[in-house]
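**Q** Here's a structure for you.
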Amino acid sequence: MLRRPLLRMLCPRLPVLAAIPDKVSFSDEEETTLKYWQEKDCFRESVKRSEGKPLYTFYDGPPFATGLPHYGHILAGTIKDVVTRWAHQTGHHVERRFGWDCHGLPIEFEIEKALGIKSKEQVMEMGIANYNAECRKIVMRYSKEWETVVNRFGRWIDFENDYKTMHLSYMESVWWVFNQLWQKKLVYRGVKVMPYSTGCTTPLSNFEANSNYQDATDPSVMVSFPLVTDPEVHLLAWTTTPWTLPSNLALCAHPEMDYVKIKDKKTHGGKTFILMEARLEQLYPNLAKQKGKEPPFETLQKMKGADLKGLEYVPLFEYFLFKKEDGAFKVVNDTYVTADAGTGIVHQAPGFGEDDYRVCLKNGIITKDTAPPCPIDEGGKFTEAVSDFAGQYIKEADPLICKKLKDNGRLVEKKSIVHSYPFCWRSNTPLIYRTVASWFVGVTDIKEDLIKCAHDSYWVPEFVQTKRFNNWLENAIDWCVSRSRYWGTPLPIWHSEDWEELVCVGSVKELEELSGQKITDLHREFVDEITIPSKQGKGVLRRVPEVFDCWFESGSMPYGQAHYPFENKDKFDKGFPADFIAEGLDQTRGWFYTLMVLSTALFKKPAFKNLVVNGLVLAENGKKMSKSARNYPDPMDVVKRHSADAIRLYLINSPVVRAEPLRFKEEGVKEVVNDVFRPLWNGAKFFVQNYNRFVAAGHKFDPTDFSSKNVMDHWMIANNAELIKYVRGEMQAYKLSTVVPGLLRFLESLTNWYVRMNRSRLKGAEGVDDWSKSLTTLFEVLSTATVLMAPFTPFLAENLYTRLKPLFPEDKREDSVHYLMLPEANEKLLDPVILRKVSRMQTVIELTRVMRERTKMAIKMPVAEVVVATSDAEYLQDVVELQNYILEEVHSLKMITTENQTDYVTLSLDADKASLGKRFKKEAKAVEQAIQKLTEEETATFLANGGMSLCGHELTMDDVKVKRTFKEGIQDFDTNTDGKVLVLMKTTINEEQTAIYIAREFVNRVQTLRKSSGLTPNDAICVWYNADGIVDKTLAAKMDYVKAKLAVTSVETMAKKAGDTFADVDTEIVVGEEKCKVRLEFTKPQ
């Protein structure tokens, strides 16, 4: 006897199971389960029970609580919950702590919007202490709503022992991390051109700058620069940032490219210009259309860019004329200039461009020791250094600058351009690039280690790591970690007035010892005024004003949440790197990157071993979800209508778990309920009904008896064992994109194949022994599915487990299904042969069903004949063994098998033009003609070998389409194929088929009437009918079939007298195309 894999003990007493209702609101059921979890404190109890088991470390990326959770958060939370539940139920101890990102621009921006703060001066006037107090007030604004939503979606995570990045312990660990980098000489202060947000008045890191590109409309202007030696000759430059022109110090040309001096004939006033030859179209947009015609200019001279080097030009403005003595206002050379856009001569403003800064530095126009001209304040307004536009915001000054250039005769052309441009991810204002004195982490110094550590981690899907992340690392630059802000962890650097003495503090204790002051908080208002006595006689050291980039804080999360290394050192060391993290694709250059940089710098290890990356959840129209646009349904409303489990399963069974975008459709959630939950619910209900009937009849139910010889029982038990093996394997590889479809295929096999095809057996129609064994099989697979589904649909799994729990062995009867360990696959029950046989049977059935639908054959109408054709003898043998099931499922009276489909059809090949065109280009036509000329024998050879050589090319089945034409004499058939087997179906209908159809229709109508009248399968009833013509004649002839299918006391015509009843249903039904009166009566119980 085979032993069951999950339930190993026979329950000593077999209870009657509580009936499962027909009508169910899965959302209401979830609310009941949620209350039960809360009453029993199930989450904490599960964690407590796992103490002492192998540690499984999970890091939860901290969100901000200044906004409500959306579908992106719900998706990521679901993935995290599935994996951590899975880890727990596979024998691990999994601590799950929620975390909050409390610092940074998201908080500050909310405060400044609310208080109308627009400048640093306003903050200083208000006072940093008051400003930070306002930030502190809103940090946890929606924390309770977050907890409500997270809990309602069934996620088990600890909110009581959460971590917050504003806690002293967390901030101290951030200081320790930075101090370690300082000691490794990975920190430096530098003046660099950085992405800068004028809306938030702070520099941003390069990955922040790349996170929010939008289409923007900017000016597109060409400006002339007359040569000092010949003012009639103008160098021509192009820019989309006119506001940078007052700071121009040089022009740059590519040394190896061709340039021309031309004299305009009419378009631009007959002036003489110098520009790149390949960019003449910038000055003359219609030049390409004028081929063969006289050009609108005269070419005076050709030269290389190197020939332009050193030419002096007249500055546009006089604000920085003093830079002329440093070599400014000349042409310089560099190979970064391209022929893709503009004029091939690039204006250089070293205060506002990374390449500009590099080129001017290389040519001695600026030096490292002195800042280049950068005449704007922190809010992006011109300073007095540019007197004509002082106080004006740079973008608002663009038209005024252009007007002044026009008035001075220097504006050649002004248009508009729409291009992709970086915006601030928080204030949504256009970014600029400007020189800023900032603190950097030397990422380039550890790049090789960083790439190695990234390769040492496992990513799903893989392409995010090997392509997107690896490419980012290959081009990584030093990380600007300082922000000129207020609400954040202050940089722990104290310096002397001359910057010769620097101290980096790594702990609260160290600062207390150095300063002699007691430290209770590390925010700016508490540490800005703390000084450290100089050890070099330089007076006192004062803290630098910057705070950390909040990404540095979130990247320090592994250490901050544990207050490492000040506490929990042993525990941290055992659990680092984390076993698992998960977030969205947008974190590739965010949290994933900062985690990896800091762990590499600290320990030369990745911060995590396994990572699941999800894609973005978009609105149904493919656009970003927006509250203002109201283009998506509220998540909690969808929960009320369909259930949290349905949303969970919809999300994790979608392309979004492959890091692809998902267009959220509520209809998809509804389909999960109708296609997955209701069939499973009905399957469980059907089991309970028939199990209770079995026990009520006094029979002994043995859930460990697997001695059934029934093919479908054997198949379902093997399928069950295969599922356990499959799910364990896929989950071990973190492949949610494949594991969930596998689970759903199993549920389809259970509800739409096993239960439906074995209803009569499960009702006891084929004897007590068979009844028992079929119920045992159904219980086994239901119980396994319930436990396996627990991490994915925790509410539904709990619900079904609670209803079925009385039949579980005593050691498996817990307060929650989530306390159970997941079953191991029983290798003895694996049977690939029976799985293959049933799979082939299902293929034949599905192919036939498609033909029935295509020919509009009524569902109950039997088919006269089905032919199964394939050259695979084993395939035919499998089908023959299971032909009774095929005949029953497709309602066919006969099945024929043949190894030669050419007995029925003639095979020929046609070209797949798309494939040939892609592969063979110009030769595709010749190959196509060769395919069409193949003889029957050549076609057979092609099909047998899966391809052949034609026209010097190796063709495969992907290059052709198989055409089938019925042979002469083969009539009234339809065909369908999956490429491996051909199925033919007879489409004609005779009298016998019609009679069977009418009998089946009568049975179906009576059963529907029975159900709608509230009668159960256990209610003993009598059926009375009154029919005429073919219906009456058919029912008389098929009475044995009708009685057997209805399983009723009697079926009689109304001409006979009805018995004594206490309730009845009297109605009229339609059978075929004729009306028939029917009465259902059931006798009073004694």
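By order of appearance in the structure tokens: chains A, B, ..., then residues from 1 within every chain, and ligands from 1 in the order shown.
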Taking 2 positions as the minimum chain separation for residues in the same chain, which residues sit within 12 Å of A:Ser949 when counting only C-alpha atoms? Answer as a PyMOL selection string.
**A** chain A and resi 927+930-931+934+938+941-942+945-947+951-957+959
**Q** Using the selection just defined, write its residues with C-alpha atoms as a compact mmCIF listing (two decimals), in the first residue's frame.
**A**
```
# COMPACT_ATOMS: atom_id res chain seq x y z
CA VAL A 927 13.14 29.31 -50.93
CA ALA A 930 11.12 25.51 -53.56
CA ILE A 931 8.90 24.70 -50.57
CA LEU A 934 7.91 19.68 -52.71
CA GLU A 938 9.56 15.06 -49.90
CA THR A 941 10.61 13.43 -45.27
CA PHE A 942 10.62 17.08 -44.20
CA ASN A 945 13.08 14.92 -39.93
CA GLY A 946 11.75 18.26 -38.74
CA GLY A 947 13.35 20.04 -41.70
CA CYS A 951 18.40 26.21 -51.92
CA GLY A 952 21.54 25.78 -49.86
CA HIS A 953 19.80 26.65 -46.60
CA GLU A 954 18.80 24.45 -43.65
CA LEU A 955 15.08 24.83 -43.06
CA THR A 956 13.18 23.90 -39.88
CA MET A 957 9.52 23.56 -38.95
CA ASP A 959 10.01 28.14 -41.65
```
**Q** I'd like the contact shell of stretch 413-424 of chain A - 6 Å cut-off, only C-alpha atoms, skipping same-chain residues fewer than 6 positions apart - returned as a list in words.
**A**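 In the requested form, the answer reads Ser197, Asn212, Tyr213, Gln214, Asp215, Ala216, Thr217, Asp218, Pro219, Ser220, Val221, Met222, Pro430 and Leu431 of chain A.
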**Q** Restricting the output to N, CA and C atoms, write the selected residues as a CSV table (one decimal), in the first residue's frame.
**A**
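File result-v9.csv, as written:
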```csv
chain,number,residue,atom,x,y,z
A,197,SER,N,18.9,70.1,-8.2
A,197,SER,CA,17.5,70.4,-8.1
A,197,SER,C,17.3,71.8,-7.6
A,212,ASN,N,13.9,60.1,-13.5
A,212,ASN,CA,12.6,60.8,-13.9
A,212,ASN,C,12.8,61.7,-15.1
A,213,TYR,N,13.0,61.0,-16.2
A,213,TYR,CA,13.1,61.7,-17.5
A,213,TYR,C,11.7,62.0,-18.0
A,214,GLN,N,11.5,63.2,-18.6
A,214,GLN,CA,10.2,63.6,-19.2
A,214,GLN,C,10.5,64.4,-20.4
A,215,ASP,N,9.5,64.4,-21.3
A,215,ASP,CA,9.6,65.3,-22.5
A,215,ASP,C,9.4,66.7,-22.1
A,216,ALA,N,10.3,67.6,-22.5
A,216,ALA,CA,10.3,69.0,-22.1
A,216,ALA,C,10.5,69.8,-23.4
A,217,THR,N,9.9,71.0,-23.4
A,217,THR,CA,10.0,72.0,-24.5
A,217,THR,C,11.0,73.0,-24.0
A,218,ASP,N,12.1,73.2,-24.8
A,218,ASP,CA,13.1,74.1,-24.5
A,218,ASP,C,13.5,75.0,-25.7
A,219,PRO,N,14.1,76.1,-25.5
A,219,PRO,CA,14.5,76.9,-26.6
A,219,PRO,C,15.7,76.2,-27.4
A,220,SER,N,15.7,76.4,-28.7
A,220,SER,CA,16.8,75.8,-29.5
A,220,SER,C,17.4,77.0,-30.2
A,221,VAL,N,18.5,77.5,-29.8
A,221,VAL,CA,19.1,78.7,-30.3
A,221,VAL,C,20.5,78.5,-30.9
A,222,MET,N,20.7,79.2,-32.0
A,222,MET,CA,22.1,79.3,-32.6
A,222,MET,C,22.6,80.7,-32.4
A,430,PRO,N,12.7,70.9,-13.6
A,430,PRO,CA,13.8,70.5,-14.4
A,430,PRO,C,15.1,70.5,-13.7
A,431,LEU,N,16.0,69.5,-13.8
A,431,LEU,CA,17.3,69.6,-13.2
A,431,LEU,C,18.2,70.5,-14.0
```
**Q** Tell me, in Å to one decimal, how far atom CA of A:His88 is from atom CA of A:Leu595.
**A** 24.6 Å
**Q** Apply DSSP to the structure's backbone, then extract all residues of stretch 339-414 of chain A labelled strand (DSSP E or B) and return them as an NGL selection string.
**A** :A and (345-348 or 376 or 381-382 or 393 or 411-414)
**Q** Env of A:Asn631: 12 Å cut, atoms = only C-alpha atoms, seq-sep filter 2 positions within chain, self excluded. Answer as a list in words.
**A** Leu618, Ala619, Glu620, Asn621, Gly622, Lys623, Lys624, Met625, Ser626, Lys627, Ser628, Ala629, Pro633, Asp634, Arg663, Phe664, Lys665 and Glu666 of chain A
**Q** Could the residues in this selection be written to a file with N, CA, C and O atoms, as a PDB file, in the first residue's frame?
**A**
```pdb
ATOM      1  N   LEU A 618       1.011  49.655 -13.985  1.00  0.00           N
ATOM      2  CA  LEU A 618       0.489  50.841 -14.664  1.00  0.00           C
ATOM      3  C   LEU A 618      -1.027  50.826 -14.650  1.00  0.00           C
ATOM      4  O   LEU A 618      -1.662  49.815 -14.335  1.00  0.00           O
ATOM      5  N   ALA A 619      -1.614  51.955 -14.999  1.00  0.00           N
ATOM      6  CA  ALA A 619      -3.067  52.015 -15.149  1.00  0.00           C
ATOM      7  C   ALA A 619      -3.481  51.188 -16.365  1.00  0.00           C
ATOM      8  O   ALA A 619      -2.654  50.809 -17.196  1.00  0.00           O
ATOM      9  N   GLU A 620      -4.754  50.918 -16.478  1.00  0.00           N
ATOM     10  CA  GLU A 620      -5.243  50.059 -17.562  1.00  0.00           C
ATOM     11  C   GLU A 620      -4.903  50.623 -18.934  1.00  0.00           C
ATOM     12  O   GLU A 620      -4.699  49.876 -19.896  1.00  0.00           O
ATOM     13  N   ASN A 621      -4.800  51.943 -19.046  1.00  0.00           N
ATOM     14  CA  ASN A 621      -4.472  52.565 -20.332  1.00  0.00           C
ATOM     15  C   ASN A 621      -2.976  52.606 -20.614  1.00  0.00           C
ATOM     16  O   ASN A 621      -2.537  53.186 -21.593  1.00  0.00           O
ATOM     17  N   GLY A 622      -2.175  52.009 -19.722  1.00  0.00           N
ATOM     18  CA  GLY A 622      -0.738  51.952 -19.934  1.00  0.00           C
ATOM     19  C   GLY A 622       0.019  53.143 -19.393  1.00  0.00           C
ATOM     20  O   GLY A 622       1.246  53.196 -19.483  1.00  0.00           O
ATOM     21  N   LYS A 623      -0.696  54.093 -18.797  1.00  0.00           N
ATOM     22  CA  LYS A 623      -0.031  55.263 -18.238  1.00  0.00           C
ATOM     23  C   LYS A 623       0.244  55.060 -16.758  1.00  0.00           C
ATOM     24  O   LYS A 623      -0.283  54.150 -16.123  1.00  0.00           O
ATOM     25  N   LYS A 624       1.090  55.919 -16.227  1.00  0.00           N
ATOM     26  CA  LYS A 624       1.411  55.852 -14.806  1.00  0.00           C
ATOM     27  C   LYS A 624       0.156  56.084 -13.981  1.00  0.00           C
ATOM     28  O   LYS A 624      -0.667  56.934 -14.313  1.00  0.00           O
ATOM     29  N   MET A 625      -0.003  55.286 -12.925  1.00  0.00           N
ATOM     30  CA  MET A 625      -1.163  55.469 -12.053  1.00  0.00           C
ATOM     31  C   MET A 625      -1.086  56.843 -11.397  1.00  0.00           C
ATOM     32  O   MET A 625      -0.042  57.242 -10.891  1.00  0.00           O
ATOM     33  N   SER A 626      -2.201  57.559 -11.411  1.00  0.00           N
ATOM     34  CA  SER A 626      -2.226  58.923 -10.896  1.00  0.00           C
ATOM     35  C   SER A 626      -3.519  59.163 -10.130  1.00  0.00           C
ATOM     36  O   SER A 626      -4.611  58.912 -10.651  1.00  0.00           O
ATOM     37  N   LYS A 627      -3.384  59.647  -8.905  1.00  0.00           N
ATOM     38  CA  LYS A 627      -4.579  59.960  -8.111  1.00  0.00           C
ATOM     39  C   LYS A 627      -5.378  61.074  -8.766  1.00  0.00           C
ATOM     40  O   LYS A 627      -6.605  61.020  -8.811  1.00  0.00           O
ATOM     41  N   SER A 628      -4.671  62.082  -9.259  1.00  0.00           N
ATOM     42  CA  SER A 628      -5.372  63.217  -9.867  1.00  0.00           C
ATOM     43  C   SER A 628      -6.110  62.805 -11.126  1.00  0.00           C
ATOM     44  O   SER A 628      -7.194  63.305 -11.415  1.00  0.00           O
ATOM     45  N   ALA A 629      -5.536  61.853 -11.890  1.00  0.00           N
ATOM     46  CA  ALA A 629      -6.189  61.393 -13.117  1.00  0.00           C
ATOM     47  C   ALA A 629      -7.279  60.356 -12.827  1.00  0.00           C
ATOM     48  O   ALA A 629      -8.088  60.046 -13.696  1.00  0.00           O
ATOM     49  N   PRO A 633      -8.551  51.872  -9.888  1.00  0.00           N
ATOM     50  CA  PRO A 633      -9.491  51.688  -8.779  1.00  0.00           C
ATOM     51  C   PRO A 633      -8.758  51.629  -7.447  1.00  0.00           C
ATOM     52  O   PRO A 633      -7.638  51.122  -7.358  1.00  0.00           O
ATOM     53  N   ASP A 634      -9.375  52.152  -6.410  1.00  0.00           N
ATOM     54  CA  ASP A 634      -8.782  52.110  -5.076  1.00  0.00           C
ATOM     55  C   ASP A 634      -8.582  50.658  -4.652  1.00  0.00           C
ATOM     56  O   ASP A 634      -9.500  49.843  -4.751  1.00  0.00           O
ATOM     57  N   ARG A 663      -0.417  46.280 -16.980  1.00  0.00           N
ATOM     58  CA  ARG A 663      -1.556  47.195 -17.027  1.00  0.00           C
ATOM     59  C   ARG A 663      -2.641  46.608 -16.127  1.00  0.00           C
ATOM     60  O   ARG A 663      -3.253  45.591 -16.471  1.00  0.00           O
ATOM     61  N   PHE A 664      -2.855  47.241 -14.997  1.00  0.00           N
ATOM     62  CA  PHE A 664      -3.783  46.687 -14.009  1.00  0.00           C
ATOM     63  C   PHE A 664      -5.213  46.759 -14.520  1.00  0.00           C
ATOM     64  O   PHE A 664      -5.707  47.825 -14.886  1.00  0.00           O
ATOM     65  N   LYS A 665      -5.884  45.614 -14.513  1.00  0.00           N
ATOM     66  CA  LYS A 665      -7.281  45.531 -14.928  1.00  0.00           C
ATOM     67  C   LYS A 665      -8.069  44.822 -13.838  1.00  0.00           C
ATOM     68  O   LYS A 665      -7.783  43.669 -13.508  1.00  0.00           O
ATOM     69  N   GLU A 666      -9.062  45.486 -13.307  1.00  0.00           N
ATOM     70  CA  GLU A 666      -9.882  44.856 -12.265  1.00  0.00           C
ATOM     71  C   GLU A 666     -10.569  43.610 -12.788  1.00  0.00           C
ATOM     72  O   GLU A 666     -10.804  42.657 -12.039  1.00  0.00           O
TER      73      GLU A 666
END
```
**Q** Can you tell me which residues surround stretch 568-574 of chain A at a distance of at most 12 Å, considering only C-alpha atoms, apart from same-chain residues fewer than 6 positions away, and format the answer as a list in words?
**A**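 Contacts, in chain order: Pro54, Leu55, Tyr56, Thr57, Phe58, Tyr59, Glu95, Ser169, Ser173, Pro558, Tyr559, Gly560, Gln561, Ala562, Phe603 and Ala607 of chain A.
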**Q** Got time to write the residues from that selection, all heavy atoms, as a CSV table (one decimal), in the first residue's frame?
**A**
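out35.csv, written as the output of this step:
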```csv
chain,number,residue,atom,x,y,z
A,54,PRO,N,17.0,27.1,11.4
A,54,PRO,CA,18.0,27.8,10.6
A,54,PRO,C,17.5,29.2,10.3
A,54,PRO,O,16.3,29.4,9.9
A,54,PRO,CB,18.1,27.0,9.4
A,54,PRO,CG,17.8,25.6,9.8
A,54,PRO,CD,16.7,25.7,10.8
A,55,LEU,N,18.3,30.2,10.4
A,55,LEU,CA,17.9,31.6,10.2
A,55,LEU,C,17.8,31.9,8.8
A,55,LEU,O,18.6,31.5,7.9
A,55,LEU,CB,19.0,32.5,10.9
A,55,LEU,CG,18.7,34.0,10.8
A,55,LEU,CD1,17.5,34.4,11.7
A,55,LEU,CD2,19.9,34.8,11.3
A,56,TYR,N,16.7,32.6,8.4
A,56,TYR,CA,16.5,33.1,7.0
A,56,TYR,C,16.4,34.6,7.1
A,56,TYR,O,15.4,35.1,7.7
A,56,TYR,CB,15.3,32.4,6.4
A,56,TYR,CG,15.1,32.8,5.0
A,56,TYR,CD1,15.6,32.0,3.9
A,56,TYR,CD2,14.3,33.9,4.6
A,56,TYR,CE1,15.3,32.4,2.6
A,56,TYR,CE2,14.1,34.3,3.3
A,56,TYR,CZ,14.6,33.5,2.3
A,56,TYR,OH,14.4,33.8,1.0
A,57,THR,N,17.3,35.4,6.6
A,57,THR,CA,17.3,36.8,6.8
A,57,THR,C,16.6,37.5,5.6
A,57,THR,O,16.9,37.2,4.4
A,57,THR,CB,18.8,37.3,6.9
A,57,THR,OG1,19.5,36.6,7.9
A,57,THR,CG2,18.8,38.8,7.3
A,58,PHE,N,15.8,38.4,6.0
A,58,PHE,CA,15.0,39.2,5.0
A,58,PHE,C,15.2,40.7,5.3
A,58,PHE,O,15.0,41.1,6.4
A,58,PHE,CB,13.5,38.8,5.0
A,58,PHE,CG,12.6,39.8,4.4
A,58,PHE,CD1,12.6,40.1,3.1
A,58,PHE,CD2,11.7,40.5,5.2
A,58,PHE,CE1,11.8,41.0,2.5
A,58,PHE,CE2,10.8,41.4,4.7
A,58,PHE,CZ,10.9,41.7,3.4
A,59,TYR,N,15.5,41.5,4.3
A,59,TYR,CA,15.5,42.9,4.4
A,59,TYR,C,14.3,43.6,3.8
A,59,TYR,O,14.1,43.3,2.6
A,59,TYR,CB,16.8,43.5,3.8
A,59,TYR,CG,18.1,43.1,4.5
A,59,TYR,CD1,19.3,43.2,3.8
A,59,TYR,CD2,18.1,42.7,5.8
A,59,TYR,CE1,20.5,42.8,4.4
A,59,TYR,CE2,19.3,42.4,6.4
A,59,TYR,CZ,20.5,42.4,5.7
A,59,TYR,OH,21.7,42.1,6.3
A,95,GLU,N,12.5,36.4,10.7
A,95,GLU,CA,12.1,37.7,11.3
A,95,GLU,C,11.7,38.6,10.2
A,95,GLU,O,12.4,38.8,9.2
A,95,GLU,CB,13.2,38.3,12.2
A,95,GLU,CG,13.4,37.6,13.5
A,95,GLU,CD,14.4,38.3,14.4
A,95,GLU,OE1,14.9,39.4,14.0
A,95,GLU,OE2,14.7,37.8,15.5
A,169,SER,N,19.5,55.1,17.2
A,169,SER,CA,20.3,53.9,16.9
A,169,SER,C,20.6,53.7,15.5
A,169,SER,O,21.7,53.3,15.1
A,169,SER,CB,19.5,52.7,17.5
A,169,SER,OG,18.3,52.5,16.8
A,173,SER,N,24.4,54.0,13.4
A,173,SER,CA,25.0,53.0,12.5
A,173,SER,C,25.3,53.6,11.2
A,173,SER,O,26.3,53.2,10.6
A,173,SER,CB,24.0,51.8,12.3
A,173,SER,OG,23.8,51.1,13.5
A,558,PRO,N,20.8,47.4,6.4
A,558,PRO,CA,21.2,46.2,7.1
A,558,PRO,C,21.8,46.4,8.4
A,558,PRO,O,21.6,45.6,9.3
A,558,PRO,CB,22.1,45.5,6.1
A,558,PRO,CG,21.8,46.1,4.8
A,558,PRO,CD,21.4,47.5,5.0
A,559,TYR,N,22.5,47.5,8.5
A,559,TYR,CA,23.3,47.8,9.7
A,559,TYR,C,22.5,48.7,10.7
A,559,TYR,O,22.5,48.5,11.9
A,559,TYR,CB,24.6,48.5,9.4
A,559,TYR,CG,25.1,48.0,8.0
A,559,TYR,CD1,25.0,48.8,6.9
A,559,TYR,CD2,25.6,46.8,7.9
A,559,TYR,CE1,25.4,48.4,5.6
A,559,TYR,CE2,26.0,46.3,6.6
A,559,TYR,CZ,25.9,47.1,5.5
A,559,TYR,OH,26.3,46.6,4.3
A,560,GLY,N,21.7,49.6,10.1
A,560,GLY,CA,20.9,50.5,10.9
A,560,GLY,C,19.8,49.8,11.7
A,560,GLY,O,19.5,50.1,12.8
A,561,GLN,N,19.1,48.9,11.0
A,561,GLN,CA,18.0,48.3,11.6
A,561,GLN,C,18.4,47.4,12.8
A,561,GLN,O,17.7,47.2,13.8
A,561,GLN,CB,17.2,47.4,10.6
A,561,GLN,CG,17.9,46.2,10.2
A,561,GLN,CD,17.0,45.1,9.6
A,561,GLN,OE1,15.8,45.2,9.7
A,561,GLN,NE2,17.5,44.0,9.1
A,562,ALA,N,19.7,46.9,12.8
A,562,ALA,CA,20.2,46.1,13.8
A,562,ALA,C,21.0,46.9,14.8
A,562,ALA,O,21.5,46.3,15.8
A,562,ALA,CB,21.0,44.9,13.2
A,603,PHE,N,32.6,45.1,3.5
A,603,PHE,CA,32.9,43.7,3.7
A,603,PHE,C,33.4,42.9,2.5
A,603,PHE,O,33.7,41.7,2.6
A,603,PHE,CB,31.7,42.9,4.3
A,603,PHE,CG,31.2,43.6,5.6
A,603,PHE,CD1,29.9,44.1,5.6
A,603,PHE,CD2,31.9,43.6,6.7
A,603,PHE,CE1,29.4,44.7,6.7
A,603,PHE,CE2,31.4,44.2,7.9
A,603,PHE,CZ,30.1,44.7,7.9
A,607,ALA,N,25.2,42.6,-0.3
A,607,ALA,CA,24.3,42.7,0.8
A,607,ALA,C,23.2,41.7,0.9
A,607,ALA,O,22.6,41.5,1.9
A,607,ALA,CB,23.7,44.1,0.8
```
**Q** Fewer than 5 positions away in the same chain doesn't count, so skip those; otherwise give me all residues within 9 Å of A:His495, counting only C-alpha atoms, as number ranges by chain.
**A** A: 500-504, 532, 534, 540-544
**Q** Determine, counting only C-alpha atoms, which protein, DNA and RNA residues have an atom within 8 Å of an atom of stretch 98-108 of chain A; residues of the same chain fewer than 6 positions away are not included. Present the result as a ChimeraX atom specification.
**A** /A:60-66,135,138-140,157-159,161-166,200,426,485,487-489,549-550,554
**Q** A:Arg852: which residues within 12 Å, counting only C-alpha atoms, same-chain residues fewer than 3 positions away excluded, as a list in words?
**A**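 Contacts, in chain order: Ile845, Glu846, Leu847, Thr848, Arg849, Thr855, Lys856, Met857, Ala858, Ile859, Lys860, Met861, Pro862, Val863, Val866, Glu889, Val890, His891, Ser892, Phe973, Asp974, Thr975, Asn976, Val983, Leu984, Met985, Lys986, Thr987 and Thr988 of chain A.
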**Q** Tell me which of A:Tyr691, A:Leu830, A:Lys812, A:Val1078 sits closest to A:Lys773, counting only C-alpha atoms.
**A**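 Among A:Tyr691, A:Leu830, A:Lys812, A:Val1078, it is A:Tyr691 that comes nearest to A:Lys773.
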